[in-house]
file target-v2.cif (mmCIF, C-alpha atoms)
data_coords
loop_
_atom_site.label_atom_id
_atom_site.label_comp_id
_atom_site.auth_asym_id
_atom_site.auth_seq_id
_atom_site.Cartn_x
_atom_site.Cartn_y
_atom_site.Cartn_z
CA MET C 990 56.81 -13.99 -13.72
CA ALA C 991 57.90 -17.38 -15.03
CA ASN C 992 54.43 -17.97 -16.49
CA MET C 993 54.61 -14.60 -18.28
CA TYR C 994 58.00 -15.49 -19.74
CA LEU C 995 56.61 -18.77 -21.03
CA ILE C 996 53.64 -16.98 -22.63
CA ILE C 997 55.98 -14.49 -24.30
CA ALA C 998 58.21 -17.33 -25.53
CA ALA C 999 55.18 -19.22 -26.89
CA PHE C 1000 53.94 -16.05 -28.60
CA ILE C 1001 57.31 -15.51 -30.32
CA THR C 1002 57.54 -19.19 -31.27
CA ALA C 1003 54.15 -19.04 -32.99
CA ILE C 1004 55.26 -15.98 -34.97
CA VAL C 1005 58.47 -17.71 -36.06
CA LEU C 1006 56.70 -20.93 -37.05
CA GLY C 1007 54.10 -18.99 -39.03
CA ARG C 1008 56.84 -17.00 -40.75
CA ILE C 1009 58.52 -20.26 -41.77
CA ILE C 1010 55.44 -22.25 -42.82
CA ILE C 1011 53.32 -19.67 -44.66
CA PRO C 1012 55.86 -19.07 -47.50
CA ASN C 1013 55.95 -22.83 -48.07
CA ILE C 1014 52.15 -22.95 -48.19
CA LEU C 1015 52.33 -20.20 -50.81
CA ILE C 1016 54.79 -22.22 -52.90
CA ILE C 1017 52.62 -25.34 -52.74
CA SER C 1018 49.49 -23.35 -53.61
CA LEU C 1019 51.17 -21.73 -56.60
CA ARG C 1020 52.61 -25.01 -57.90
CA LYS C 1021 49.35 -26.92 -57.46
CA ARG C 1022 47.26 -23.92 -58.56
CA LEU C 1023 45.16 -23.95 -55.40
CA PHE C 1024 43.60 -20.52 -55.78
CA ASP C 1025 40.57 -18.55 -54.69
CA ALA C 1026 39.25 -17.46 -58.07
CA PRO C 1027 37.69 -13.98 -58.35
CA ASP C 1028 33.98 -13.61 -59.07
CA ALA C 1029 31.25 -10.97 -58.94
CA ARG C 1030 30.89 -11.23 -55.14
CA LYS C 1031 34.60 -11.08 -54.32
CA ILE C 1032 36.84 -8.04 -54.18
CA HIS C 1033 40.15 -9.42 -55.45
CA LYS C 1034 40.74 -9.32 -59.21
CA ARG C 1035 43.25 -12.15 -59.62
CA PRO C 1036 43.51 -15.74 -58.32
CA ILE C 1037 45.08 -15.81 -54.84
CA PRO C 1038 46.05 -18.81 -52.69
CA ARG C 1039 43.57 -19.38 -49.85
CA LEU C 1040 45.28 -22.01 -47.72
CA GLY C 1041 46.83 -19.63 -45.18
CA GLY C 1042 44.56 -21.02 -42.47
CA VAL C 1043 46.10 -24.46 -42.92
CA THR C 1044 48.98 -23.23 -40.76
CA PHE C 1045 46.81 -22.11 -37.82
CA PHE C 1046 45.76 -25.36 -36.14
CA PRO C 1047 49.12 -27.22 -36.39
CA VAL C 1048 51.09 -24.23 -35.08
CA ILE C 1049 48.58 -23.55 -32.29
CA LEU C 1050 48.51 -27.23 -31.26
CA CYS C 1051 52.28 -27.74 -31.44
CA THR C 1052 53.20 -24.53 -29.60
CA THR C 1053 50.55 -24.84 -26.89
CA CYS C 1054 51.37 -28.49 -26.19
CA PHE C 1055 55.13 -27.85 -26.17
CA PHE C 1056 55.01 -24.96 -23.72
CA THR C 1057 52.42 -26.68 -21.52
CA ALA C 1058 54.73 -29.69 -21.30
CA LEU C 1059 57.61 -27.32 -20.58
CA ARG C 1060 55.64 -25.80 -17.69
CA ILE C 1061 55.20 -29.28 -16.24
CA LEU C 1062 58.91 -30.10 -16.61
CA LEU C 1063 59.86 -26.80 -14.97
CA GLY C 1064 57.60 -27.53 -12.04
CA TYR C 1065 54.92 -24.90 -12.63
CA LEU C 1066 52.21 -27.55 -12.83
CA PRO C 1067 50.07 -28.74 -11.26
CA ASP C 1068 48.60 -25.51 -9.92
CA PRO C 1069 45.13 -24.55 -8.66
CA GLN C 1070 44.03 -23.64 -12.18
CA PHE C 1071 45.32 -26.83 -13.82
CA THR C 1072 42.75 -29.49 -13.02
CA VAL C 1073 41.24 -32.57 -14.58
CA THR C 1074 38.38 -30.34 -15.73
CA MET C 1075 40.80 -28.05 -17.57
CA VAL C 1076 42.50 -30.98 -19.28
CA THR C 1077 39.10 -32.30 -20.37
CA GLU C 1078 38.14 -28.89 -21.76
CA LEU C 1079 41.35 -28.62 -23.76
CA LEU C 1080 41.07 -32.16 -25.12
CA PHE C 1081 37.51 -31.57 -26.29
CA LEU C 1082 38.66 -28.26 -27.81
CA ILE C 1083 41.35 -30.10 -29.78
CA ALA C 1084 38.79 -32.72 -30.89
CA GLY C 1085 36.44 -30.02 -32.19
CA LEU C 1086 39.25 -28.14 -33.89
CA THR C 1087 40.37 -31.32 -35.63
CA LEU C 1088 36.90 -31.88 -37.13
CA LEU C 1089 36.63 -28.25 -38.27
CA TYR C 1090 40.17 -28.34 -39.65
CA ILE C 1091 39.31 -31.34 -41.82
CA VAL C 1092 36.07 -29.85 -43.15
CA GLY C 1093 37.78 -26.49 -43.65
CA ILE C 1094 40.53 -28.00 -45.80
CA ALA C 1095 37.95 -29.94 -47.79
CA ASP C 1096 35.95 -26.76 -48.37
CA ASP C 1097 39.01 -24.75 -49.43
CA LEU C 1098 40.17 -27.45 -51.84
CA MET C 1099 36.95 -28.64 -53.44
CA GLY C 1100 33.97 -27.07 -51.67
CA VAL C 1101 31.61 -28.47 -49.03
CA ARG C 1102 27.86 -27.87 -48.86
CA TYR C 1103 26.79 -25.61 -46.05
CA ARG C 1104 24.54 -28.32 -44.56
CA LYS C 1105 27.54 -30.59 -44.04
CA LYS C 1106 29.58 -27.72 -42.60
CA PHE C 1107 26.77 -26.89 -40.19
CA LEU C 1108 26.52 -30.53 -39.12
CA VAL C 1109 30.24 -30.64 -38.29
CA GLN C 1110 29.96 -27.28 -36.50
CA ILE C 1111 27.07 -28.56 -34.39
CA ILE C 1112 28.98 -31.72 -33.47
CA SER C 1113 32.03 -29.64 -32.54
CA ALA C 1114 29.86 -27.23 -30.53
CA ALA C 1115 28.43 -30.20 -28.59
CA PHE C 1116 31.92 -30.93 -27.25
CA PHE C 1117 31.76 -27.86 -25.00
CA PRO C 1118 28.81 -29.07 -22.87
CA LEU C 1119 30.41 -32.53 -22.81
CA ALA C 1120 33.43 -30.87 -21.21
CA GLY C 1121 31.15 -29.19 -18.68
CA LEU C 1122 31.22 -25.78 -20.39
CA TYR C 1123 27.93 -24.01 -21.02
CA ILE C 1124 26.31 -20.62 -20.48
CA ASN C 1125 24.75 -20.92 -17.02
CA ASN C 1126 24.25 -17.28 -16.05
CA PHE C 1127 23.16 -14.05 -17.78
CA TYR C 1128 24.48 -11.89 -14.93
CA GLY C 1129 21.34 -9.78 -14.83
CA LEU C 1130 20.98 -9.18 -18.58
CA PHE C 1131 17.22 -8.68 -19.14
CA GLY C 1132 16.82 -9.47 -15.44
CA ILE C 1133 18.04 -13.05 -15.94
CA TYR C 1134 20.65 -14.64 -13.71
CA GLU C 1135 20.95 -18.41 -13.30
CA ILE C 1136 20.08 -20.50 -16.38
CA PRO C 1137 19.15 -24.20 -16.10
CA ALA C 1138 21.26 -26.71 -18.03
CA GLY C 1139 18.30 -27.62 -20.24
CA ILE C 1140 18.38 -24.10 -21.67
CA GLY C 1141 22.07 -23.30 -21.23
CA ILE C 1142 23.42 -26.30 -23.15
CA PRO C 1143 21.51 -25.76 -26.44
CA LEU C 1144 22.12 -22.01 -26.07
CA THR C 1145 25.85 -22.70 -25.76
CA MET C 1146 25.86 -24.87 -28.87
CA LEU C 1147 23.97 -22.16 -30.77
CA LEU C 1148 26.43 -19.52 -29.55
CA ALA C 1149 29.45 -21.60 -30.60
CA VAL C 1150 28.05 -22.13 -34.11
CA PHE C 1151 27.07 -18.46 -34.28
CA ILE C 1152 30.53 -17.12 -33.35
CA THR C 1153 32.27 -19.60 -35.64
CA ASN C 1154 30.19 -18.45 -38.59
CA ALA C 1155 30.48 -14.78 -37.60
CA ILE C 1156 34.26 -14.92 -38.03
CA ASN C 1157 33.85 -16.90 -41.24
CA LEU C 1158 31.41 -14.38 -42.74
CA ILE C 1159 33.35 -11.24 -41.73
CA ASP C 1160 36.35 -12.53 -43.69
CA GLY C 1161 35.54 -10.46 -46.76
CA ILE C 1162 38.41 -7.98 -47.12
CA ASP C 1163 42.12 -8.31 -46.46
CA GLY C 1164 42.98 -8.41 -42.78
CA LEU C 1165 39.50 -7.87 -41.37
CA ALA C 1166 38.80 -11.26 -39.79
CA SER C 1167 42.39 -11.70 -38.63
CA SER C 1168 42.70 -8.22 -37.11
CA LEU C 1169 39.33 -8.41 -35.33
CA SER C 1170 40.32 -11.84 -34.02
CA MET C 1171 43.74 -10.59 -32.88
CA VAL C 1172 42.15 -7.79 -30.85
CA ALA C 1173 39.56 -10.15 -29.33
CA LEU C 1174 42.19 -12.78 -28.49
CA THR C 1175 44.49 -10.18 -26.95
CA ILE C 1176 41.75 -8.82 -24.68
CA LEU C 1177 40.66 -12.31 -23.66
CA GLY C 1178 44.29 -13.31 -23.11
CA VAL C 1179 44.82 -10.34 -20.78
CA ILE C 1180 41.65 -11.29 -18.89
CA PHE C 1181 42.92 -14.85 -18.44
CA ILE C 1182 46.29 -13.54 -17.22
CA HIS C 1183 44.45 -11.34 -14.73
CA ASN C 1184 42.52 -14.42 -13.55
CA GLN C 1185 45.79 -16.42 -13.47
CA GLN C 1186 44.40 -18.94 -15.94
CA TRP C 1187 47.78 -19.38 -17.56
CA ILE C 1188 46.98 -22.21 -19.97
CA TYR C 1189 44.13 -20.27 -21.57
CA ALA C 1190 46.23 -17.10 -21.69
CA LEU C 1191 49.03 -19.03 -23.39
CA LEU C 1192 46.61 -20.45 -25.95
CA ALA C 1193 45.17 -16.98 -26.67
CA PHE C 1194 48.57 -15.39 -27.28
CA VAL C 1195 49.75 -18.32 -29.38
CA CYS C 1196 46.74 -17.66 -31.61
CA VAL C 1197 47.71 -13.98 -31.81
CA GLY C 1198 51.27 -15.03 -32.66
CA ILE C 1199 50.29 -17.15 -35.67
CA LEU C 1200 47.98 -14.39 -36.93
CA ILE C 1201 50.74 -11.78 -37.10
CA PRO C 1202 52.73 -13.32 -39.99
CA PHE C 1203 49.49 -14.26 -41.75
CA PHE C 1204 48.24 -10.67 -41.43
CA SER C 1205 51.44 -9.33 -43.01
CA TYR C 1206 51.08 -11.63 -46.02
CA ASN C 1207 47.34 -11.09 -46.31
CA VAL C 1208 47.34 -7.29 -46.08
CA PHE C 1209 50.79 -6.24 -47.29
CA GLY C 1210 51.65 -9.15 -49.59
CA ASN C 1211 52.05 -8.51 -53.32
CA ALA C 1212 49.71 -10.69 -55.38
CA ASP C 1213 51.73 -10.10 -58.56
CA ARG C 1214 54.78 -11.62 -56.88
CA GLY C 1215 52.86 -14.53 -55.36
CA ARG C 1216 53.27 -13.19 -51.81
CA LYS C 1217 49.60 -12.76 -50.90
CA ILE C 1218 47.42 -15.36 -49.22
CA PHE C 1219 43.92 -15.76 -47.75
CA MET C 1220 43.05 -17.78 -44.62
CA GLY C 1221 40.15 -19.61 -46.28
CA ASP C 1222 37.49 -21.49 -44.35
CA THR C 1223 40.16 -23.55 -42.61
CA GLY C 1224 41.49 -20.46 -40.87
CA SER C 1225 38.21 -18.70 -40.14
CA LEU C 1226 36.59 -21.84 -38.71
CA THR C 1227 39.62 -22.41 -36.49
CA LEU C 1228 39.60 -18.85 -35.18
CA GLY C 1229 35.84 -18.77 -34.70
CA TYR C 1230 35.80 -22.03 -32.76
CA ILE C 1231 38.65 -20.98 -30.45
CA LEU C 1232 36.99 -17.62 -29.81
CA SER C 1233 33.69 -19.33 -29.01
CA PHE C 1234 35.53 -21.58 -26.56
CA PHE C 1235 37.07 -18.58 -24.80
CA VAL C 1236 33.77 -16.70 -24.68
CA ILE C 1237 31.90 -19.65 -23.17
CA LYS C 1238 34.73 -20.38 -20.74
CA TYR C 1239 34.80 -16.78 -19.53
CA CYS C 1240 31.01 -16.48 -19.36
CA MET C 1241 30.45 -19.63 -17.29
CA TYR C 1242 29.58 -18.70 -13.73
CA THR C 1243 31.68 -20.73 -11.29
CA GLY C 1244 29.99 -19.62 -8.09
CA THR C 1245 33.18 -18.29 -6.52
CA ILE C 1246 31.54 -14.95 -5.67
CA PRO C 1247 27.90 -13.96 -5.17
CA THR C 1248 26.18 -13.02 -8.43
CA GLU C 1249 25.07 -9.63 -7.10
CA GLU C 1250 28.70 -8.70 -6.34
CA ILE C 1251 29.95 -9.25 -9.89
CA LEU C 1252 31.02 -5.89 -11.31
CA GLY C 1253 30.69 -6.01 -15.07
CA SER C 1254 28.91 -8.87 -16.76
CA PRO C 1255 31.33 -11.45 -18.25
CA LEU C 1256 28.67 -12.03 -20.90
CA LEU C 1257 28.82 -8.41 -22.07
CA VAL C 1258 32.61 -8.17 -21.70
CA SER C 1259 33.11 -11.17 -23.99
CA PHE C 1260 30.37 -9.91 -26.30
CA SER C 1261 32.12 -6.54 -26.63
CA VAL C 1262 35.24 -8.00 -28.27
CA LEU C 1263 33.11 -9.63 -30.99
CA LEU C 1264 30.54 -6.88 -31.32
CA VAL C 1265 31.02 -6.06 -35.01
CA PRO C 1266 31.08 -9.61 -36.47
CA SER C 1267 28.25 -10.75 -34.18
CA LEU C 1268 25.86 -7.87 -34.87
CA ASP C 1269 26.72 -7.94 -38.57
CA VAL C 1270 25.67 -11.59 -38.86
CA VAL C 1271 22.38 -10.85 -37.07
CA ARG C 1272 21.69 -7.88 -39.33
CA VAL C 1273 22.48 -9.81 -42.52
CA VAL C 1274 20.37 -12.84 -41.54
CA LEU C 1275 17.39 -10.66 -40.56
CA ARG C 1276 17.68 -8.74 -43.82
CA ARG C 1277 17.73 -11.95 -45.87
CA ALA C 1278 14.75 -13.33 -43.95
CA ARG C 1279 12.80 -10.09 -44.47
CA ASN C 1280 13.51 -10.15 -48.20
CA GLY C 1281 12.72 -13.85 -48.54
CA LYS C 1282 16.27 -14.77 -49.59
CA PRO C 1283 18.19 -17.92 -48.59
CA LEU C 1284 19.78 -17.35 -45.18
CA PHE C 1285 23.04 -19.17 -45.86
CA LEU C 1286 23.95 -18.23 -49.40
CA PRO C 1287 26.72 -15.58 -49.70
CA ASP C 1288 25.94 -12.06 -50.88
CA LYS C 1289 27.39 -8.54 -50.72
CA THR C 1290 25.48 -7.07 -47.79
CA HIS C 1291 28.06 -7.37 -44.99
CA ILE C 1292 29.51 -4.36 -43.21
CA HIS C 1293 32.70 -4.35 -45.29
CA HIS C 1294 30.64 -4.35 -48.49
CA LYS C 1295 28.78 -1.29 -47.20
CA PHE C 1296 32.04 0.58 -46.70
CA LEU C 1297 33.17 -0.34 -50.20
CA ASP C 1298 29.84 0.88 -51.58
CA MET C 1299 30.39 4.17 -49.75
CA GLY C 1300 33.61 4.65 -51.71
CA PHE C 1301 36.15 3.38 -49.18
CA SER C 1302 39.16 1.42 -50.40
CA PRO C 1303 39.62 -2.05 -48.81
CA ARG C 1304 42.44 -0.68 -46.63
CA GLN C 1305 40.35 2.32 -45.55
CA ALA C 1306 37.38 0.04 -44.81
CA LEU C 1307 39.62 -2.21 -42.69
CA ILE C 1308 40.91 0.67 -40.60
CA THR C 1309 37.49 2.29 -40.19
CA ILE C 1310 35.76 -0.94 -39.16
CA GLN C 1311 38.55 -1.60 -36.67
CA LEU C 1312 38.13 1.87 -35.18
CA MET C 1313 34.37 1.37 -35.01
CA SER C 1314 34.84 -2.00 -33.33
CA ALA C 1315 37.37 -0.57 -30.86
CA SER C 1316 35.04 2.31 -29.96
CA LEU C 1317 32.06 0.02 -29.33
CA CYS C 1318 34.24 -2.38 -27.35
CA ALA C 1319 35.72 0.42 -25.23
CA PHE C 1320 32.26 1.84 -24.54
CA THR C 1321 30.95 -1.55 -23.41
CA LEU C 1322 33.96 -2.35 -21.24
CA VAL C 1323 33.93 1.04 -19.53
CA THR C 1324 30.19 1.12 -18.90
CA VAL C 1325 29.85 -2.43 -17.55
CA HIS C 1326 32.74 -1.83 -15.16
CA SER C 1327 31.26 1.51 -14.13
CA GLY C 1328 28.14 -0.15 -12.80
CA TRP C 1329 25.75 0.55 -15.68
CA ASN C 1330 22.77 -1.72 -15.99
CA ASN C 1331 23.75 -4.64 -18.24
CA THR C 1332 20.53 -4.51 -20.23
CA LEU C 1333 20.96 -0.77 -20.84
CA VAL C 1334 24.51 -1.29 -22.12
CA PHE C 1335 23.41 -4.07 -24.46
CA ILE C 1336 20.48 -2.07 -25.84
CA THR C 1337 22.73 0.97 -26.33
CA ASP C 1338 25.20 -1.14 -28.33
CA VAL C 1339 22.42 -2.47 -30.56
CA VAL C 1340 20.85 0.99 -31.05
CA VAL C 1341 24.21 2.56 -31.95
CA TRP C 1342 24.97 -0.28 -34.37
CA THR C 1343 21.53 0.01 -35.98
CA GLY C 1344 21.83 3.78 -36.28
CA LEU C 1345 25.24 3.53 -37.92
CA ASN C 1346 23.96 1.02 -40.46
CA LEU C 1347 20.95 3.19 -41.30
CA TRP C 1348 23.31 6.11 -41.81
CA PHE C 1349 25.55 3.97 -44.03
CA ASP C 1350 22.51 2.99 -46.12
CA ILE C 1351 21.61 6.66 -46.62
CA VAL C 1352 25.17 7.49 -47.70
CA ILE C 1353 25.19 4.57 -50.16
CA LYS C 1354 21.80 5.56 -51.58
CA ASN C 1355 22.87 9.19 -52.06
CA ARG C 1356 26.11 8.07 -53.66
CA LYS C 1357 24.25 5.87 -56.14
CA ILE C 1358 21.87 8.73 -56.99
CA GLN C 1359 24.83 11.05 -57.51
CA THR C 1360 26.55 8.48 -59.71
CA ASN C 1361 23.41 8.00 -61.83
CA ASN C 1362 22.98 11.76 -62.19
CA ASN C 1363 26.58 12.17 -63.32
CA ARG C 1364 26.16 9.31 -65.78
CA ASN C 1365 22.99 10.89 -67.22
CA LYS C 1366 24.73 14.24 -67.59
CA SER C 1367 27.62 12.66 -69.44
CA LEU C 1368 25.16 11.10 -71.90
#
call {"tool": "encode", "arguments": {"input": "target-v2.cif", "output": "structure tokens"}}
result
Amino acid sequence: MANMYLIIAAFITAIVLGRIIIPNILIISLRKRLFDAPDARKIHKRPIPRLGGVTFFPVILCTTCFFTALRILLGYLPDPQFTVTMVTELLFLIAGLTLLYIVGIADDLMGVRYRKKFLVQIISAAFFPLAGLYINNFYGLFGIYEIPAGIGIPLTMLLAVFITNAINLIDGIDGLASSLSMVALTILGVIFIHNQQWIYALLAFVCVGILIPFFSYNVFGNADRGRKIFMGDTGSLTLGYILSFFVIKYCMYTGTIPTEEILGSPLLVSFSVLLVPSLDVVRVVLRRARNGKPLFLPDKTHIHHKFLDMGFSPRQALITIQLMSASLCAFTLVTVHSGWNNTLVFITDVVVWTGLNLWFDIVIKNRKIQTNNNRNKSL
């Protein structure tokens, strides 16, 4: 129980620190006029500070280090889960986060070309294999089990960059990236508690803690009173990188039990918590490639844009996407732990997602036709 109390204390500490720091970030942003200016692609209509994510990494680092040190002083370390390997993993995680934090701040303040951002993301992703973390097993997905390091390491780097950008690209309406991340981090945190991996559980709930005050300012803050803030690239890159770390850590097969006895693929379980941002990135990239458009330039084709085009308000779109994400996640978690074939579950997720998007496209098309007809009648 002592470990649980420390996790709860760390969680509350992160909330308190965020609640203290974010208002000061707002003041600095307003005084220095560090705003995210509205344009044709963006939803907000007035300049809004976008440095909320600046608080994430320092609070996460400070709180996690403090309570880890406290565990040592109280005699709860070392334990079977706290090894040299774990320390190496966490140090490489901090190194990668530091690089992404620097490039994120630079991008939020003056802009950074996507090629440079990708280079830094690739370097940061390479830290995971250096720490000994890589996808080494597909747990029967498409009939694949063990994966050699020559394939698993580049696949891991690709996955880390992919998840990092998925969180970055889903950050298009108030609260969407932060709420999806909070749910994913909570589920992963519970999994780590179940596995008695206390350090990772503590880190996950610290991340949830810092997101709570940010979410309140981002979603419920009043822009007219200078109480609204965005996370910017600094925040989304931080969240995406930490989530990719957790996914890869959970997916790595340790060989403690025979592969055929594993009930529920860790690959699909971790995939389920990031289903919406992951599949949305794949859909958008494939659509751009099909239409011959640049793959990395921003547009208005993401899932939240579709809901806005269907007539949803940003708040309604947020709630609906969250419900959709929760439903898909629940379906995946239940089916993989009920013994369904992993490949069947994955294909079902993709088919459902594709069907929903086709339906959304039909609704948007009909709405545009109706709008044009009404406009013609008024003329």
call {"tool": "residues_around", "arguments": {"input": "target-v2.cif", "residues": "Gly1085 of chain C", "least_positions_apart": "3", "cutoff": "10 Å", "atoms": "only C-alpha atoms", "output": "list in words"}}
result
Leu1079, Leu1080, Phe1081, Leu1082, Leu1088, Leu1089, Tyr1090, Val1109, Gln1110, Ile1111, Ile1112, Ser1113, Ala1114, Ala1115, Phe1116, Phe1117, Thr1227, Tyr1230 and Ile1231 of chain C
call {"tool": "residues_near_point", "arguments": {"input": "target-v2.cif", "point": "(43.5, -14.7, -16.8)", "cutoff": "12 Å", "atoms": "only C-alpha atoms", "output": "MDAnalysis selection string"}}
result
chainID C and resid 992:993 996 1070 1174:1194 1235 1238:1239
call {"tool": "write_last_selection", "arguments": {"input": "target-v2.cif", "atoms": "C-alpha atoms", "output": "PDB file, keeping the file's coordinate frame"}}
result
ATOM      1  CA  ASN C 992      54.430 -17.970 -16.490  1.00  0.00           C
ATOM      2  CA  MET C 993      54.610 -14.600 -18.280  1.00  0.00           C
ATOM      3  CA  ILE C 996      53.640 -16.980 -22.630  1.00  0.00           C
ATOM      4  CA  GLN C1070      44.030 -23.640 -12.180  1.00  0.00           C
ATOM      5  CA  LEU C1174      42.190 -12.780 -28.490  1.00  0.00           C
ATOM      6  CA  THR C1175      44.490 -10.180 -26.950  1.00  0.00           C
ATOM      7  CA  ILE C1176      41.750  -8.820 -24.680  1.00  0.00           C
ATOM      8  CA  LEU C1177      40.660 -12.310 -23.660  1.00  0.00           C
ATOM      9  CA  GLY C1178      44.290 -13.310 -23.110  1.00  0.00           C
ATOM     10  CA  VAL C1179      44.820 -10.340 -20.780  1.00  0.00           C
ATOM     11  CA  ILE C1180      41.650 -11.290 -18.890  1.00  0.00           C
ATOM     12  CA  PHE C1181      42.920 -14.850 -18.440  1.00  0.00           C
ATOM     13  CA  ILE C1182      46.290 -13.540 -17.220  1.00  0.00           C
ATOM     14  CA  HIS C1183      44.450 -11.340 -14.730  1.00  0.00           C
ATOM     15  CA  ASN C1184      42.520 -14.420 -13.550  1.00  0.00           C
ATOM     16  CA  GLN C1185      45.790 -16.420 -13.470  1.00  0.00           C
ATOM     17  CA  GLN C1186      44.400 -18.940 -15.940  1.00  0.00           C
ATOM     18  CA  TRP C1187      47.780 -19.380 -17.560  1.00  0.00           C
ATOM     19  CA  ILE C1188      46.980 -22.210 -19.970  1.00  0.00           C
ATOM     20  CA  TYR C1189      44.130 -20.270 -21.570  1.00  0.00           C
ATOM     21  CA  ALA C1190      46.230 -17.100 -21.690  1.00  0.00           C
ATOM     22  CA  LEU C1191      49.030 -19.030 -23.390  1.00  0.00           C
ATOM     23  CA  LEU C1192      46.610 -20.450 -25.950  1.00  0.00           C
ATOM     24  CA  ALA C1193      45.170 -16.980 -26.670  1.00  0.00           C
ATOM     25  CA  PHE C1194      48.570 -15.390 -27.280  1.00  0.00           C
ATOM     26  CA  PHE C1235      37.070 -18.580 -24.800  1.00  0.00           C
ATOM     27  CA  LYS C1238      34.730 -20.380 -20.740  1.00  0.00           C
ATOM     28  CA  TYR C1239      34.800 -16.780 -19.530  1.00  0.00           C
TER      29      TYR C1239
END
call {"tool": "closest_residue", "arguments": {"input": "target-v2.cif", "among": "C:Arg1008, C:Lys1021, C:Arg1039, C:Arg1060", "to": "Tyr994 of chain C", "atoms": "all atoms listed in the file"}}
result
C:Arg1060
call {"tool": "atom_distance", "arguments": {"input": "target-v2.cif", "atom1": "atom CA of Arg1216 of chain C", "atom2": "atom CA of Ile1014 of chain C"}}
result
10.5 Å
call {"tool": "atom_distance", "arguments": {"input": "target-v2.cif", "atom1": "atom CA of Lys1354 of chain C", "atom2": "atom CA of Ile1162 of chain C"}}
result
21.9 Å
call {"tool": "atom_distance", "arguments": {"input": "target-v2.cif", "atom1": "atom CA of Ala1084 of chain C", "atom2": "atom CA of Thr1053 of chain C"}}
result
14.7 Å
call {"tool": "residues_around", "arguments": {"input": "target-v2.cif", "residues": "segment 1311-1316 of chain C", "least_positions_apart": "5", "cutoff": "10 Å", "atoms": "all atoms listed in the file", "output": "NGL selection string"}}
result
:C and (1165 or 1168-1169 or 1172-1173 or 1261-1266 or 1305-1306 or 1321-1322 or 1342 or 1345)
call {"tool": "closest_residue", "arguments": {"input": "target-v2.cif", "among": "C:Thr1077, C:Ser1267, C:Ser1018, C:Thr1337", "to": "Ile1037 of chain C", "atoms": "all atoms listed in the file"}}
result
C:Ser1018
call {"tool": "residues_around", "arguments": {"input": "target-v2.cif", "residues": "Ile1353 of chain C", "least_positions_apart": "3", "cutoff": "8 Å", "atoms": "only C-alpha atoms", "output": "ChimeraX atom specification"}}
result
/C:1295,1298-1299,1349-1350,1356-1357
call {"tool": "write_last_selection", "arguments": {"input": "target-v2.cif", "atoms": "C-alpha atoms", "output": "JSON list (two decimals), in the coordinates of the input"}}
result
[["chain", "number", "residue", "atom", "x", "y", "z"],
["C", 1295, "LYS", "CA", 28.78, -1.29, -47.20],
["C", 1298, "ASP", "CA", 29.84, 0.88, -51.58],
["C", 1299, "MET", "CA", 30.39, 4.17, -49.75],
["C", 1349, "PHE", "CA", 25.55, 3.97, -44.03],
["C", 1350, "ASP", "CA", 22.51, 2.99, -46.12],
["C", 1356, "ARG", "CA", 26.11, 8.07, -53.66],
["C", 1357, "LYS", "CA", 24.25, 5.87, -56.14]]
call {"tool": "residues_around", "arguments": {"input": "target-v2.cif", "residues": "Val1270 of chain C", "least_positions_apart": "2", "cutoff": "9 Å", "atoms": "only C-alpha atoms", "output": "JSON, numbers by chain"}}
result
{"C": [1151, 1154, 1155, 1158, 1159, 1265, 1266, 1267, 1268, 1272, 1273, 1274, 1275, 1291]}
